[in-house]
Structures are given as C-alpha cells and as structure tokens.
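S.K.: Below: one structure in structure tokens.
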Amino acid sequence: MNYTNQMHGGPELVTHVEPYVYQTLQTLIGKNAVVQTVRDSLRGRVMDVKPDHIVVKVGDSTFFIRCQQIVSVMPD
C-alpha cells in the first residue's frame, strides 16, 4: 500500500491482467466450457468475464473463479 492511499484510508487494488487470456475468455461468454483450475475442473456455461475473475454456471450453482487460478480453458 502506498503512503497516499494510507492517508485517505481506502484500499488499493493491484492485480495482474493477462490481456490475451482475458480477450480469449470474453469470446466464451454464453458458451459452455471446461475450466481447469489449480484445484479441479468445472464444466459449465461462462456467464461473465472480468479482468480478475470469471463467472461459470454449473447446473443451479454459480462459481466465481479467479483468473490467476485458471490453468486452461477448453470450449465444450
């Protein structure tokens, strides 16, 4: 946290965005995909893509997956 931010008391968001991965993930919005993470894999519909996370709907459940945790994505 920098000194200016400490004076104003607000949080500072610092994130690493991979622009080509982000752009590719956006092409999957509304489509089914298999998302492999460092923990497991999910098969569902990509509902939204943000610079730091994606939203995947699997059945009645919604998952918010940090982009930093994604190993690979495959259209289904």
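We name chains A, B, ... following the order of the structure tokens; residues begin at 1 in each chain, and ligands are numbered from 1 as shown.
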Could you tell me, as a PyMOL selection string, which residues of chain A DSSP assigns to strand (DSSP E or B) when given the backbone?
M.R.: chain A and resi 32-37+41-49+53-58+61-66+70-75
S.K.: Give me the residues near segment 56-63 of chain A as a VMD selection string, where near means some atom within 9 Å (using only C-alpha atoms) and where sequence neighbours in that chain fewer than 3 positions away do not count.
M.R.: chain A and resid 32 to 33 35 42 to 48
S.K.: Name all residues at most 12 Å from segment 6-15 of chain A (count only C-alpha atoms; drop same-chain ones fewer than 5 positions away) and give them as a short mmCIF file (atom, residue, chain, number, x, y, z; two decimals) with N, CA, C and O atoms, in the first residue's frame.
M.R.:
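Full text of selection26.cif as output:
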```
data_model
loop_
_atom_site.label_atom_id
_atom_site.label_comp_id
_atom_site.auth_asym_id
_atom_site.auth_seq_id
_atom_site.Cartn_x
_atom_site.Cartn_y
_atom_site.Cartn_z
N MET A 1 0.86 -1.17 0.00
CA MET A 1 0.00 0.00 0.00
C MET A 1 0.90 1.23 0.00
O MET A 1 1.88 1.30 0.72
N LYS A 50 -14.45 -10.91 -16.09
CA LYS A 50 -13.89 -9.66 -15.59
C LYS A 50 -12.36 -9.79 -15.64
O LYS A 50 -11.83 -10.88 -15.79
N PRO A 51 -11.63 -8.69 -15.52
CA PRO A 51 -10.17 -8.79 -15.59
C PRO A 51 -9.55 -9.72 -14.54
O PRO A 51 -8.51 -10.31 -14.77
N ASP A 52 -10.22 -9.89 -13.38
CA ASP A 52 -9.64 -10.70 -12.32
C ASP A 52 -10.36 -12.02 -12.05
O ASP A 52 -9.86 -12.87 -11.32
N HIS A 53 -11.58 -12.22 -12.62
CA HIS A 53 -12.31 -13.47 -12.38
C HIS A 53 -13.31 -13.75 -13.50
O HIS A 53 -13.63 -12.86 -14.29
N ARG A 66 -11.10 -17.07 -9.83
CA ARG A 66 -10.03 -16.10 -10.05
C ARG A 66 -9.21 -16.50 -11.27
O ARG A 66 -8.83 -17.65 -11.42
N CYS A 67 -8.94 -15.55 -12.15
CA CYS A 67 -8.18 -15.84 -13.37
C CYS A 67 -6.79 -16.39 -13.05
O CYS A 67 -6.27 -17.22 -13.78
N GLN A 68 -6.21 -15.96 -11.93
CA GLN A 68 -4.89 -16.45 -11.55
C GLN A 68 -4.91 -17.93 -11.21
O GLN A 68 -3.86 -18.57 -11.20
#
```
S.K.: Using only C-alpha atoms, which residues sit within 6 Å of segment 36-41 of chain A once same-chain residues fewer than 3 positions away are excluded, as a list in words?
M.R.: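 Final neighbour list, sorted by chain and number: Gln69, Ile70, Val71 and Ser72 of chain A.
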S.K.: If you count only C-alpha atoms, which residues fall within 12 Å of Gln23 of chain A, apart from same-chain ones fewer than 5 positions away, as a list in words?
M.R.: Val17, Glu18, Leu28, Ile29, Val49, Lys50, Pro51 and Ile54 of chain A
S.K.: Could those residues be written to a file, using all heavy atoms, as a compact mmCIF listing (two decimals), in the first residue's frame?
M.R.:
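The resulting result31.txt:
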```
# COMPACT_ATOMS: atom_id res chain seq x y z
N VAL A 17 -3.21 -8.62 -14.95
CA VAL A 17 -4.16 -8.98 -16.00
C VAL A 17 -3.37 -9.46 -17.21
O VAL A 17 -2.44 -8.79 -17.66
CB VAL A 17 -5.04 -7.77 -16.40
CG1 VAL A 17 -5.95 -8.13 -17.56
CG2 VAL A 17 -5.83 -7.28 -15.21
N GLU A 18 -3.75 -10.62 -17.72
CA GLU A 18 -3.14 -11.14 -18.95
C GLU A 18 -4.10 -10.80 -20.08
O GLU A 18 -5.14 -11.46 -20.23
CB GLU A 18 -2.91 -12.63 -18.83
CG GLU A 18 -1.94 -12.97 -17.70
CD GLU A 18 -1.66 -14.45 -17.62
OE1 GLU A 18 -1.23 -15.03 -18.64
OE2 GLU A 18 -1.89 -15.02 -16.55
N LEU A 28 -15.87 -16.59 -24.93
CA LEU A 28 -16.61 -17.76 -24.43
C LEU A 28 -17.87 -17.38 -23.65
O LEU A 28 -18.60 -18.28 -23.21
CB LEU A 28 -15.70 -18.60 -23.54
CG LEU A 28 -14.50 -19.24 -24.23
CD1 LEU A 28 -13.62 -19.95 -23.21
CD2 LEU A 28 -14.96 -20.20 -25.31
N ILE A 29 -18.14 -16.10 -23.47
CA ILE A 29 -19.33 -15.70 -22.72
C ILE A 29 -20.57 -16.26 -23.41
O ILE A 29 -20.75 -16.11 -24.62
CB ILE A 29 -19.41 -14.16 -22.59
CG1 ILE A 29 -18.26 -13.64 -21.73
CG2 ILE A 29 -20.76 -13.73 -22.00
CD1 ILE A 29 -18.17 -12.14 -21.64
N VAL A 49 -17.07 -12.40 -17.71
CA VAL A 49 -15.61 -12.37 -17.61
C VAL A 49 -15.20 -10.97 -17.17
O VAL A 49 -15.61 -9.98 -17.76
CB VAL A 49 -14.94 -12.70 -18.98
CG1 VAL A 49 -13.43 -12.53 -18.90
CG2 VAL A 49 -15.31 -14.10 -19.43
N LYS A 50 -14.45 -10.91 -16.09
CA LYS A 50 -13.89 -9.66 -15.59
C LYS A 50 -12.36 -9.79 -15.64
O LYS A 50 -11.83 -10.88 -15.79
CB LYS A 50 -14.33 -9.42 -14.13
CG LYS A 50 -15.83 -9.35 -13.95
CD LYS A 50 -16.42 -8.17 -14.65
CE LYS A 50 -17.91 -8.07 -14.34
NZ LYS A 50 -18.62 -7.28 -15.30
N PRO A 51 -11.63 -8.69 -15.52
CA PRO A 51 -10.17 -8.79 -15.59
C PRO A 51 -9.55 -9.72 -14.54
O PRO A 51 -8.51 -10.31 -14.77
CB PRO A 51 -9.70 -7.35 -15.38
CG PRO A 51 -10.84 -6.52 -15.86
CD PRO A 51 -12.07 -7.30 -15.47
N ILE A 54 -13.75 -15.00 -13.55
CA ILE A 54 -14.82 -15.37 -14.48
C ILE A 54 -15.97 -15.96 -13.67
O ILE A 54 -15.77 -16.42 -12.54
CB ILE A 54 -14.35 -16.35 -15.57
CG1 ILE A 54 -13.98 -17.72 -14.99
CG2 ILE A 54 -13.22 -15.76 -16.39
CD1 ILE A 54 -13.70 -18.78 -16.05
```
S.K.: Apply DSSP to the structure's backbone, then extract all residues of chain A labelled alpha helix (DSSP H) and return them as a ChimeraX atom specification.
M.R.: /A:3-8,19-26
